[in-house]
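Next comes upload_13.txt, a file with compact mmCIF, C-alpha atoms.
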# COMPACT_ATOMS: atom_id res chain seq x y z
CA MET A 1 8.47 -143.57 -4.57
CA ASN A 2 8.35 -139.83 -3.83
CA ILE A 3 5.98 -140.18 -0.90
CA LYS A 4 7.25 -138.76 2.39
CA LEU A 5 6.06 -140.61 5.48
CA ALA A 6 5.00 -138.83 8.67
CA PHE A 7 4.56 -141.03 11.74
CA ASP A 8 2.44 -140.01 14.67
CA ILE A 9 4.29 -140.90 17.89
CA TYR A 10 2.00 -141.37 20.95
CA GLY A 11 -0.22 -144.39 20.30
CA THR A 12 1.50 -145.21 16.99
CA ILE A 13 5.23 -145.66 17.65
CA ILE A 14 5.12 -145.28 21.43
CA ASN A 15 2.79 -147.39 23.58
CA THR A 16 1.04 -145.05 26.03
CA SER A 17 -0.31 -148.08 27.91
CA GLY A 18 3.31 -148.68 28.93
CA ILE A 19 2.74 -146.35 31.88
CA LYS A 20 0.88 -149.21 33.58
CA ASP A 21 3.73 -150.56 35.71
CA VAL A 22 4.51 -147.19 37.29
CA LEU A 23 0.86 -146.39 37.90
CA LYS A 24 0.09 -149.75 39.47
CA ASN A 25 2.13 -148.76 42.53
CA HIS A 26 -0.01 -145.67 43.10
CA THR A 27 -3.44 -146.56 41.75
CA GLY A 28 -3.81 -150.28 42.54
CA SER A 29 -7.11 -151.73 41.34
CA LYS A 30 -8.02 -148.45 39.62
CA THR A 31 -5.03 -148.66 37.24
CA LYS A 32 -6.95 -149.63 34.09
CA ASP A 33 -9.61 -146.93 34.58
CA PHE A 34 -6.89 -144.44 35.51
CA ILE A 35 -4.89 -145.01 32.32
CA GLY A 36 -8.01 -144.83 30.15
CA LEU A 37 -9.34 -141.62 31.69
CA TRP A 38 -5.93 -139.94 31.71
CA ARG A 39 -5.42 -140.63 27.98
CA THR A 40 -9.02 -139.62 27.13
CA LYS A 41 -8.69 -136.33 29.01
CA GLN A 42 -5.25 -135.64 27.54
CA LEU A 43 -6.73 -135.88 24.05
CA GLU A 44 -9.90 -133.96 24.99
CA TYR A 45 -7.82 -131.11 26.41
CA SER A 46 -5.71 -130.94 23.26
CA PHE A 47 -8.86 -130.89 21.06
CA ARG A 48 -10.43 -128.14 23.16
CA ARG A 49 -7.27 -126.04 23.19
CA ALA A 50 -7.00 -126.44 19.41
CA ALA A 51 -10.63 -125.26 19.09
CA MET A 52 -10.05 -122.39 21.56
CA ASP A 53 -6.77 -121.26 20.00
CA LEU A 54 -5.27 -121.41 23.51
CA TYR A 55 -1.99 -123.25 23.33
CA VAL A 56 0.05 -124.61 26.20
CA ASN A 57 2.93 -127.07 25.99
CA PHE A 58 1.72 -130.70 25.58
CA ASP A 59 3.51 -131.62 28.84
CA THR A 60 1.16 -129.17 30.60
CA VAL A 61 -1.85 -130.80 28.90
CA THR A 62 -0.62 -134.21 30.11
CA ASP A 63 -0.08 -132.89 33.63
CA GLN A 64 -3.52 -131.21 33.84
CA ALA A 65 -5.17 -134.38 32.53
CA LEU A 66 -3.31 -136.32 35.25
CA GLN A 67 -4.61 -133.89 37.89
CA PHE A 68 -8.20 -134.24 36.61
CA THR A 69 -7.90 -138.03 36.67
CA CYS A 70 -6.61 -138.01 40.27
CA ASP A 71 -9.47 -135.71 41.36
CA GLU A 72 -12.12 -137.71 39.50
CA LEU A 73 -10.95 -141.15 40.67
CA ASP A 74 -10.02 -139.96 44.16
CA VAL A 75 -6.34 -140.83 43.90
CA SER A 76 -3.93 -138.80 45.98
CA LEU A 77 -0.34 -138.29 44.78
CA ASN A 78 2.40 -136.33 46.48
CA GLU A 79 4.76 -134.12 44.52
CA TYR A 80 7.45 -136.78 44.27
CA GLN A 81 5.05 -139.46 42.99
CA ARG A 82 3.61 -137.05 40.47
CA ALA A 83 7.06 -136.13 39.16
CA GLN A 84 7.92 -139.83 38.96
CA ILE A 85 4.84 -140.56 36.83
CA ILE A 86 5.37 -137.59 34.52
CA ASP A 87 8.99 -138.63 34.16
CA SER A 88 7.91 -142.17 33.21
CA TYR A 89 5.79 -140.66 30.45
CA ARG A 90 9.09 -139.65 28.85
CA SER A 91 10.44 -143.20 28.94
CA LEU A 92 7.38 -145.00 27.57
CA PRO A 93 8.31 -148.04 25.45
CA LYS A 94 7.99 -148.34 21.69
CA PHE A 95 5.76 -151.00 20.13
CA ASP A 96 7.54 -154.25 19.18
CA ASP A 97 7.09 -153.81 15.43
CA THR A 98 8.79 -150.41 15.33
CA ASP A 99 12.49 -151.09 14.64
CA ASP A 100 12.19 -153.58 11.79
CA SER A 101 9.41 -151.83 9.95
CA LEU A 102 10.96 -148.35 10.09
CA GLN A 103 14.35 -149.72 9.01
CA ASN A 104 12.78 -151.64 6.12
CA LEU A 105 10.99 -148.52 4.91
CA LYS A 106 14.18 -146.52 5.18
CA ASN A 107 16.07 -149.19 3.21
CA LYS A 108 13.46 -148.90 0.48
CA GLY A 109 14.25 -145.20 0.19
CA PHE A 110 11.29 -143.70 2.00
CA SER A 111 11.76 -140.48 3.94
CA ILE A 112 10.76 -141.29 7.55
CA ASN A 113 9.62 -138.42 9.76
CA ALA A 114 8.05 -137.98 13.20
CA PHE A 115 5.06 -135.67 13.60
CA SER A 116 3.66 -135.15 17.07
CA ASN A 117 1.74 -132.95 19.49
CA GLY A 118 4.50 -133.77 21.99
CA SER A 119 6.97 -131.19 23.21
CA MET A 120 10.41 -131.32 21.59
CA GLN A 121 12.00 -132.12 24.96
CA SER A 122 9.68 -135.09 25.56
CA LEU A 123 10.11 -136.38 22.01
CA LYS A 124 13.89 -136.23 22.33
CA ALA A 125 13.78 -138.14 25.61
CA LEU A 126 11.39 -140.77 24.17
CA PHE A 127 13.55 -141.32 21.09
CA LYS A 128 16.75 -141.54 23.13
CA ASN A 129 15.24 -144.01 25.62
CA ASN A 130 13.99 -146.15 22.74
CA SER A 131 17.10 -145.91 20.54
CA LEU A 132 15.04 -144.15 17.90
CA ASP A 133 17.12 -140.97 17.73
CA LYS A 134 18.81 -141.88 14.44
CA ILE A 135 15.87 -143.26 12.46
CA PHE A 136 13.82 -140.12 11.74
CA GLU A 137 14.94 -137.68 9.09
CA LYS A 138 12.97 -134.92 10.81
CA SER A 139 11.25 -134.77 14.20
CA ILE A 140 8.42 -132.31 13.77
CA SER A 141 6.97 -131.11 17.06
CA LEU A 142 3.86 -128.95 16.99
CA GLU A 143 5.32 -127.11 19.96
CA ASN A 144 7.18 -125.01 17.40
CA LYS A 145 3.90 -123.97 15.75
CA GLN A 146 1.93 -123.76 19.03
CA VAL A 147 -1.07 -125.71 17.74
CA PHE A 148 -2.49 -129.18 18.29
CA LYS A 149 -3.83 -131.81 15.92
CA PRO A 150 -6.41 -132.02 14.41
CA SER A 151 -6.44 -128.30 13.57
CA ARG A 152 -5.76 -127.61 9.90
CA SER A 153 -2.77 -125.43 10.74
CA ALA A 154 -1.07 -128.46 12.33
CA TYR A 155 -1.12 -130.37 9.03
CA TYR A 156 -0.20 -127.32 6.96
CA TYR A 157 2.81 -126.94 9.25
CA LEU A 158 3.75 -130.57 8.51
CA LEU A 159 3.59 -129.94 4.76
CA ASN A 160 5.65 -126.82 5.14
CA GLU A 161 8.31 -128.61 7.22
CA LEU A 162 8.48 -131.45 4.68
CA ASN A 163 8.48 -128.97 1.81
CA ALA A 164 5.83 -131.10 0.11
CA GLU A 165 2.33 -130.96 -1.36
CA ALA A 166 -0.46 -132.83 0.46
CA GLN A 167 -0.56 -135.65 -2.12
CA GLU A 168 3.18 -136.30 -1.63
CA VAL A 169 2.78 -137.01 2.09
CA CYS A 170 1.35 -140.02 3.89
CA LEU A 171 0.48 -139.88 7.58
CA ILE A 172 0.59 -143.11 9.58
CA SER A 173 -1.32 -142.93 12.84
CA GLY A 174 -3.01 -145.21 15.33
CA ASN A 175 -5.37 -142.37 16.26
CA PRO A 176 -8.52 -141.98 14.15
CA PHE A 177 -8.76 -138.25 15.01
CA ASP A 178 -5.31 -137.78 13.44
CA ILE A 179 -6.24 -139.72 10.29
CA ILE A 180 -9.40 -137.66 9.85
CA GLY A 181 -7.51 -134.43 10.55
CA ALA A 182 -4.84 -135.18 7.94
CA ALA A 183 -7.33 -136.42 5.32
CA ASN A 184 -9.29 -133.19 5.90
CA CYS A 185 -6.21 -131.41 4.49
CA GLY A 186 -5.79 -133.74 1.50
CA ILE A 187 -2.94 -135.82 2.97
CA LYS A 188 -2.82 -139.57 2.28
CA THR A 189 -3.47 -141.68 5.36
CA ILE A 190 -2.78 -145.14 6.75
CA TRP A 191 -4.67 -146.04 9.91
CA LEU A 192 -2.73 -148.38 12.16
CA ASN A 193 -5.46 -150.38 13.85
CA ARG A 194 -3.57 -152.65 16.23
CA LYS A 195 -6.49 -153.70 18.40
CA ALA A 196 -9.50 -153.97 16.10
CA SER A 197 -10.76 -150.56 17.30
CA THR A 198 -13.78 -148.68 16.02
CA PHE A 199 -13.10 -145.97 13.43
CA ASP A 200 -15.24 -142.85 13.76
CA PRO A 201 -18.25 -143.13 11.39
CA TRP A 202 -17.67 -139.73 9.81
CA GLU A 203 -17.72 -138.83 6.14
CA ILE A 204 -13.89 -139.23 6.01
CA LYS A 205 -12.13 -142.62 5.87
CA PRO A 206 -8.44 -143.66 5.86
CA ASP A 207 -6.95 -144.55 2.47
CA TYR A 208 -5.57 -147.77 3.96
CA THR A 209 -5.89 -149.68 7.21
CA VAL A 210 -3.13 -151.95 8.56
CA LYS A 211 -2.78 -154.07 11.70
CA SER A 212 0.93 -153.53 12.27
CA LEU A 213 3.70 -151.22 11.11
CA ASN A 214 5.13 -154.13 9.11
CA GLU A 215 2.22 -153.99 6.67
CA ILE A 216 2.91 -150.41 5.60
CA ILE A 217 5.56 -151.44 3.10
CA LYS A 218 3.06 -153.67 1.26
CA VAL A 219 0.45 -150.93 1.18
CA LEU A 220 2.90 -148.38 -0.19
CA GLY A 221 3.96 -150.85 -2.88
CA GLN A 222 0.45 -150.47 -4.30
CA GLU A 223 0.85 -146.74 -4.80
CA MET B 1 -28.61 -104.93 36.32
CA ASN B 2 -27.50 -104.63 32.72
CA ILE B 3 -26.11 -108.15 32.56
CA LYS B 4 -27.56 -110.33 29.81
CA LEU B 5 -27.79 -114.00 30.66
CA ALA B 6 -26.98 -116.77 28.17
CA PHE B 7 -27.99 -120.29 29.18
CA ASP B 8 -26.38 -123.37 27.72
CA ILE B 9 -29.10 -125.92 26.95
CA TYR B 10 -27.89 -129.55 26.83
CA GLY B 11 -26.67 -130.52 30.29
CA THR B 12 -27.74 -127.19 31.82
CA ILE B 13 -31.46 -126.68 31.13
CA ILE B 14 -32.11 -130.04 29.47
CA ASN B 15 -31.18 -133.32 31.16
CA THR B 16 -29.38 -135.47 28.58
CA SER B 17 -29.56 -138.44 30.96
CA GLY B 18 -33.30 -138.36 30.30
CA ILE B 19 -32.71 -140.59 27.28
CA LYS B 20 -32.33 -143.51 29.70
CA ASP B 21 -35.86 -144.86 29.51
CA VAL B 22 -35.86 -145.13 25.71
CA LEU B 23 -32.40 -146.65 25.62
CA LYS B 24 -33.15 -149.24 28.28
CA ASN B 25 -35.40 -151.08 25.82
CA HIS B 26 -32.56 -151.43 23.33
CA THR B 27 -29.40 -151.58 25.41
CA GLY B 28 -30.44 -153.44 28.58
CA SER B 29 -27.62 -153.81 31.10
CA LYS B 30 -25.34 -151.66 28.94
CA THR B 31 -27.57 -148.59 29.29
CA LYS B 32 -25.40 -146.61 31.73
CA ASP B 33 -22.20 -147.20 29.73
CA PHE B 34 -24.09 -146.48 26.50
CA ILE B 35 -25.37 -143.08 27.68
CA GLY B 36 -21.95 -142.10 29.03
CA LEU B 37 -20.05 -143.05 25.87
CA TRP B 38 -22.65 -141.49 23.57
CA ARG B 39 -22.46 -138.12 25.38
CA THR B 40 -18.65 -138.26 25.60
CA LYS B 41 -18.32 -138.96 21.88
CA GLN B 42 -20.90 -136.32 20.97
CA LEU B 43 -18.81 -133.70 22.78
CA GLU B 44 -15.50 -135.07 21.45
CA TYR B 45 -16.81 -134.91 17.88
CA SER B 46 -17.95 -131.32 18.34
CA PHE B 47 -14.55 -130.33 19.80
CA ARG B 48 -12.71 -132.00 16.94
CA ARG B 49 -14.93 -130.43 14.28
CA ALA B 50 -14.42 -127.04 15.91
CA ALA B 51 -10.64 -127.59 15.80
CA MET B 52 -10.81 -128.87 12.20
CA ASP B 53 -13.09 -126.12 10.97
CA LEU B 54 -15.32 -128.85 9.52
CA TYR B 55 -18.89 -128.10 10.49
CA VAL B 56 -21.87 -130.40 10.22
CA ASN B 57 -25.25 -129.93 11.88
CA PHE B 58 -25.22 -130.95 15.59
CA ASP B 59 -27.90 -133.56 14.84
CA THR B 60 -25.37 -135.27 12.55
CA VAL B 61 -22.76 -135.14 15.33
CA THR B 62 -25.27 -136.76 17.69
CA ASP B 63 -26.14 -139.42 15.12
CA GLN B 64 -22.50 -140.27 14.32
CA ALA B 65 -21.71 -140.49 18.04
CA LEU B 66 -24.67 -142.86 18.40
CA GLN B 67 -23.30 -145.02 15.57
CA PHE B 68 -19.84 -145.13 17.17
CA THR B 69 -21.35 -146.13 20.51
CA CYS B 70 -23.36 -148.95 18.92
CA ASP B 71 -20.24 -150.25 17.13
CA GLU B 72 -18.04 -149.97 20.20
CA LEU B 73 -20.49 -151.58 22.63
CA ASP B 74 -21.77 -154.11 20.12
CA VAL B 75 -25.37 -152.92 20.14
CA SER B 76 -27.40 -153.48 16.99
CA LEU B 77 -30.23 -151.08 16.13
CA ASN B 78 -32.50 -151.22 13.11
CA GLU B 79 -33.49 -148.07 11.25
CA TYR B 80 -36.78 -147.68 13.12
CA GLN B 81 -35.15 -148.04 16.56
CA ARG B 82 -32.46 -145.58 15.61
CA ALA B 83 -35.02 -143.01 14.44
CA GLN B 84 -36.97 -143.54 17.66
CA ILE B 85 -33.89 -142.83 19.80
CA ILE B 86 -32.88 -139.75 17.80
CA ASP B 87 -36.46 -138.53 18.04
CA SER B 88 -36.40 -138.97 21.80
CA TYR B 89 -33.33 -136.77 21.93
CA ARG B 90 -35.66 -133.94 20.82
CA SER B 91 -38.06 -134.56 23.69
CA LEU B 92 -35.54 -134.82 26.52
CA PRO B 93 -36.88 -133.42 29.80
CA LYS B 94 -35.82 -130.19 31.49
CA PHE B 95 -34.27 -130.23 34.97
CA ASP B 96 -36.74 -129.65 37.83
CA ASP B 97 -35.32 -126.28 38.88
CA THR B 98 -35.75 -124.71 35.43
CA ASP B 99 -39.20 -123.09 35.43
CA ASP B 100 -39.09 -121.27 38.77
CA SER B 101 -35.53 -120.04 38.47
CA LEU B 102 -35.86 -118.71 34.92
CA GLN B 103 -39.17 -117.00 35.73
CA ASN B 104 -37.70 -115.41 38.87
CA LEU B 105 -34.74 -114.06 36.89
CA LYS B 106 -37.10 -112.72 34.24
CA ASN B 107 -39.24 -111.05 36.92
CA LYS B 108 -36.10 -109.33 38.23
CA GLY B 109 -35.59 -107.81 34.79
CA PHE B 110 -32.78 -110.00 33.48
CA SER B 111 -32.63 -110.74 29.76
CA ILE B 112 -32.80 -114.55 29.46
CA ASN B 113 -31.33 -116.15 26.34
CA ALA B 114 -30.56 -119.65 25.09
CA PHE B 115 -27.13 -120.35 23.57
CA SER B 116 -26.49 -123.81 22.18
CA ASN B 117 -24.57 -126.05 19.78
CA GLY B 118 -27.96 -127.62 19.00
CA SER B 119 -29.66 -127.23 15.65
CA MET B 120 -32.48 -124.69 15.52
CA GLN B 121 -34.96 -127.44 14.70
CA SER B 122 -33.94 -129.55 17.71
CA LEU B 123 -33.95 -126.56 20.05
CA LYS B 124 -37.43 -125.56 18.91
CA ALA B 125 -38.71 -129.10 19.51
CA LEU B 126 -37.04 -129.28 22.94
CA PHE B 127 -38.48 -125.94 24.04
CA LYS B 128 -41.96 -126.83 22.77
CA ASN B 129 -41.97 -130.22 24.48
CA ASN B 130 -40.84 -128.61 27.74
CA SER B 131 -43.12 -125.52 27.57
CA LEU B 132 -40.03 -123.33 27.40
CA ASP B 133 -40.89 -121.64 24.10
CA LYS B 134 -41.96 -118.34 25.67
CA ILE B 135 -39.26 -117.88 28.31
CA PHE B 136 -36.18 -117.03 26.21
CA GLU B 137 -35.82 -113.60 24.68
CA LYS B 138 -33.50 -115.05 22.02
CA SER B 139 -32.67 -118.64 21.09
CA ILE B 140 -29.17 -118.50 19.68
CA SER B 141 -28.21 -121.64 17.75
CA LEU B 142 -24.64 -122.00 16.56
CA GLU B 143 -26.07 -123.71 13.49
CA ASN B 144 -26.49 -120.23 12.07
CA LYS B 145 -22.77 -119.50 12.47
CA GLN B 146 -21.66 -123.06 11.57
CA VAL B 147 -19.25 -123.40 14.50
CA PHE B 148 -19.20 -125.29 17.78
CA LYS B 149 -18.26 -124.32 21.30
CA PRO B 150 -15.62 -123.83 22.63
CA SER B 151 -14.18 -122.06 19.55
CA ARG B 152 -13.75 -118.33 20.07
CA SER B 153 -15.97 -117.53 17.12
CA ALA B 154 -18.89 -119.24 18.90
CA TYR B 155 -18.70 -116.78 21.80
CA TYR B 156 -18.07 -113.78 19.56
CA TYR B 157 -21.25 -114.77 17.71
CA LEU B 158 -23.12 -114.78 21.05
CA LEU B 159 -21.89 -111.27 21.84
CA ASN B 160 -22.86 -110.11 18.40
CA GLU B 161 -26.37 -111.60 18.67
CA LEU B 162 -26.86 -110.02 22.10
CA ASN B 163 -25.39 -106.75 20.87
CA ALA B 164 -23.26 -106.64 24.00
CA GLU B 165 -19.66 -106.41 25.20
CA ALA B 166 -18.11 -109.46 26.91
CA GLN B 167 -18.34 -107.93 30.40
CA GLU B 168 -22.10 -107.33 29.96
CA VAL B 169 -22.82 -111.03 29.36
CA CYS B 170 -22.91 -113.94 31.80
CA LEU B 171 -22.92 -117.53 30.57
CA ILE B 172 -24.53 -120.19 32.75
CA SER B 173 -23.47 -123.71 31.88
CA GLY B 174 -23.24 -127.15 33.43
CA ASN B 175 -20.36 -127.97 31.10
CA PRO B 176 -16.85 -126.97 32.23
CA PHE B 177 -15.64 -126.81 28.60
CA ASP B 178 -18.27 -124.14 27.93
CA ILE B 179 -17.32 -122.10 31.01
CA ILE B 180 -13.65 -122.18 30.05
CA GLY B 181 -14.50 -121.34 26.42
CA ALA B 182 -16.59 -118.30 27.41
CA ALA B 183 -14.10 -117.07 30.03
CA ASN B 184 -11.39 -117.36 27.36
CA CYS B 185 -13.32 -114.60 25.53
CA GLY B 186 -13.77 -112.39 28.60
CA ILE B 187 -17.40 -113.37 29.31
CA LYS B 188 -18.57 -113.71 32.93
CA THR B 189 -19.36 -117.29 33.89
CA ILE B 190 -21.44 -119.27 36.36
CA TRP B 191 -20.72 -122.99 36.48
CA LEU B 192 -23.78 -125.04 37.36
CA ASN B 193 -22.31 -128.00 39.22
CA ARG B 194 -25.35 -130.16 39.98
CA LYS B 195 -23.50 -133.36 40.84
CA ALA B 196 -20.29 -132.33 42.60
CA SER B 197 -18.33 -132.90 39.38
CA THR B 198 -14.63 -132.20 38.83
CA PHE B 199 -13.79 -128.91 37.14
CA ASP B 200 -10.87 -129.04 34.69
CA PRO B 201 -7.67 -127.96 36.50
CA TRP B 202 -6.72 -125.40 33.83
CA GLU B 203 -5.55 -121.85 34.32
CA ILE B 204 -9.16 -120.60 33.85
CA LYS B 205 -11.84 -120.83 36.57
CA PRO B 206 -15.55 -119.90 36.66
CA ASP B 207 -16.44 -116.57 38.31
CA TYR B 208 -19.08 -118.36 40.40
CA THR B 209 -20.17 -121.93 41.04
CA VAL B 210 -23.75 -122.88 41.97
CA LYS B 211 -25.47 -126.19 42.70
CA SER B 212 -28.84 -125.36 41.15
CA LEU B 213 -30.36 -122.77 38.82
CA ASN B 214 -32.17 -121.30 41.84
CA GLU B 215 -28.88 -120.00 43.26
CA ILE B 216 -28.12 -117.81 40.24
CA ILE B 217 -30.31 -114.98 41.43
CA LYS B 218 -28.33 -114.72 44.69
CA VAL B 219 -25.01 -114.75 42.86
CA LEU B 220 -26.12 -112.02 40.45
CA GLY B 221 -27.28 -109.92 43.38
CA GLN B 222 -23.61 -109.66 44.39
CA GLU B 223 -22.63 -108.08 41.08
Please go through the file and, once you have read it, give me the structure as structure tokens.
Amino acid sequence: MNIKLAFDIYGTIINTSGIKDVLKNHTGSKTKDFIGLWRTKQLEYSFRRAAMDLYVNFDTVTDQALQFTCDELDVSLNEYQRAQIIDSYRSLPKFDDTDDSLQNLKNKGFSINAFSNGSMQSLKALFKNNSLDKIFEKSISLENKQVFKPSRSAYYYLLNELNAEAQEVCLISGNPFDIIGAANCGIKTIWLNRKASTFDPWEIKPDYTVKSLNEIIKVLGQE
Amino acid sequence: MNIKLAFDIYGTIINTSGIKDVLKNHTGSKTKDFIGLWRTKQLEYSFRRAAMDLYVNFDTVTDQALQFTCDELDVSLNEYQRAQIIDSYRSLPKFDDTDDSLQNLKNKGFSINAFSNGSMQSLKALFKNNSLDKIFEKSISLENKQVFKPSRSAYYYLLNELNAEAQEVCLISGNPFDIIGAANCGIKTIWLNRKASTFDPWEIKPDYTVKSLNEIIKVLGQE
């Protein structure tokens, strides 16, 4: 039971689709496409910046991806609307299975940690708005290391912050790129596949796949 | 007139949409979505592998992106069909403005070079099938360096192969990620924007923007 758990936040604990209600007011019938393209570009920009060794704060990545999406889908936002949307990104809701599953894991003695590309300020706001500010032992923001997942240095930073070897850490993420990135550094992985998504057909697979956070405790019992 | 020109290949000289006719037989009404997702995933995989420092041949990237697209869009291909599609990727057509513009630049004394993520084998096949095998002074494949654009080491490899300083080289690319990657290393850039696309709203812009390869000669005349 020495395994330390690191939870990805956006797309794993926090539901990025939760921005829908705010966007609907500004993007109408384009809302679904808008959310999809914004998230896709946000990730693409973080991958490219990781490859380019050209860091900016993740809030800037999110904002530039929003600008691209507006330009591409011909949506016009004034400064106030834009600020309102970015602000809503800091009060996105958690997934329904979060509270019980994290508490159960904590009760079983697991060390529960957050590990995210997100800026420390945004993570703090998200946790506060979702009453998650007491649950994590450590909140590890890659802002402090100035890198993005899935670069190797992101996962080495995680190990360093947890003071652990790769085989003592298990990453739980809903994002296949994160699972592959962590596994690439020897870290154990659990892919949270909530929506029967397609995993990338690379040469690297998750150690376990679960459909909800509640299943993690069963999986870890097998270790 | 000492500037050495480096041309991106896929999406700049070679039209990746040219795969349409082959795909139509297998993907029917899904063809447009299929091509879009395949290309998007191909690029995403190359960005992620660059960030992860986990190189595989670009043909493998293309093949894995094809597999993902089939899984995601529920398209079933047998081994023969798959081989046929991958083979067609090596005989994609060039854009119409290629021959005249490259020849004109060569006549003006510019050094014309190819610079691509593509494997050497695929580039050779593409150039042969498009009668482009005599036009480039050098065909620089990142397969030899085992990195992908837009990592810095990709562009440093280009400079090394051209035996030139950054300010003596101009990259011409249809791909904004490539323009930003090159500019990030101090290389001059011309963005070839054939279809009035959206450029990423980052802090880095191309030095020039043109609508066809024919305009490059005018732009370089201003230097």
Fill in: Closest of A:Gly118, A:Pro206, A:Pro201, A:Gly181 to Asn57 in chain A - atom-to-atom distances counting all atoms listed in the file
A:Gly118
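Proximity to chain B at a cut-off of 6 Å picks out Phe47, Arg48, Ala50, Ala51, Met52, Gln64, Pro150, Ser151, Arg152 and Pro201 of chain A on chain A, counting only C-alpha atoms.
The gap separating CA of Ile9 in chain A from CA of Lys145 in chain A is 17.1 Å, in Å to one decimal.
Between CA of Tyr156 in chain A and CA of Ile3 in chain A the separation is 16.3 Å.
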Worksheet item: Glu165 in chain A: which residues within 10 Å, counting only C-alpha atoms, same-chain residues fewer than 3 positions away excluded, as a PyMOL selection string?
Response: chain A and resi 3-4+156+158-160+162+168-169+186-187
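Taking CA of Ser116 in chain A and CA of Ile35 in chain A as endpoints, the distance between them is 20.1 Å.
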Item to complete: Extract, using all atoms listed in the file, all DNA, RNA and protein residues at most 7 Å from Asp97 in chain B, discarding same-chain residues fewer than 5 positions from it, and format them as a ChimeraX atom specification.
Response: /B:212-214
Discussion item. Within 8 Å of (-30.3, -138.8, 16.5) in the file's own coordinates, which protein, DNA or RNA residues have an atom, counting all atoms listed in the file? List them as a ChimeraX atom specification.
Written reply: /B:59-60,62-63,66,82-83,85-87,89
For range 172-175 of chain A, work out the shell of residues within 7 Å, counting all atoms listed in the file and skipping chain neighbours fewer than 4 positions away, then give it as a PDB file with C-alpha atoms, in the coordinates of the input.
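So result35.pdb came out as:
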ATOM      1  CA  ALA A   6       5.000-138.830   8.670  1.00  0.00           C
ATOM      2  CA  PHE A   7       4.560-141.030  11.740  1.00  0.00           C
ATOM      3  CA  ASP A   8       2.440-140.010  14.670  1.00  0.00           C
ATOM      4  CA  GLY A  11      -0.220-144.390  20.300  1.00  0.00           C
ATOM      5  CA  THR A  12       1.500-145.210  16.990  1.00  0.00           C
ATOM      6  CA  ILE A 179      -6.240-139.720  10.290  1.00  0.00           C
ATOM      7  CA  THR A 189      -3.470-141.680   5.360  1.00  0.00           C
ATOM      8  CA  ILE A 190      -2.780-145.140   6.750  1.00  0.00           C
ATOM      9  CA  TRP A 191      -4.670-146.040   9.910  1.00  0.00           C
ATOM     10  CA  LEU A 192      -2.730-148.380  12.160  1.00  0.00           C
ATOM     11  CA  ASN A 193      -5.460-150.380  13.850  1.00  0.00           C
TER      12      ASN A 193
END
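Residues surrounding range 128-131 of chain A within 7 Å are Ser91, Pro93 and Lys94 of chain A [only C-alpha atoms; sequence separation below 6 positions excluded].
Considering all atoms listed in the file, the residue among A:Ser111, A:Thr16, A:Ser122, A:Gln222 positioned nearest to Leu171 in chain A is A:Ser111.
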Item to complete: Just the residues within 12 Å of Lys24 in chain B, please, counting all atoms listed in the file, with nothing from its chain fewer than 5 positions along; format it as number ranges by chain.
Response: B: 17-19, 29-35, 75, 81, 85
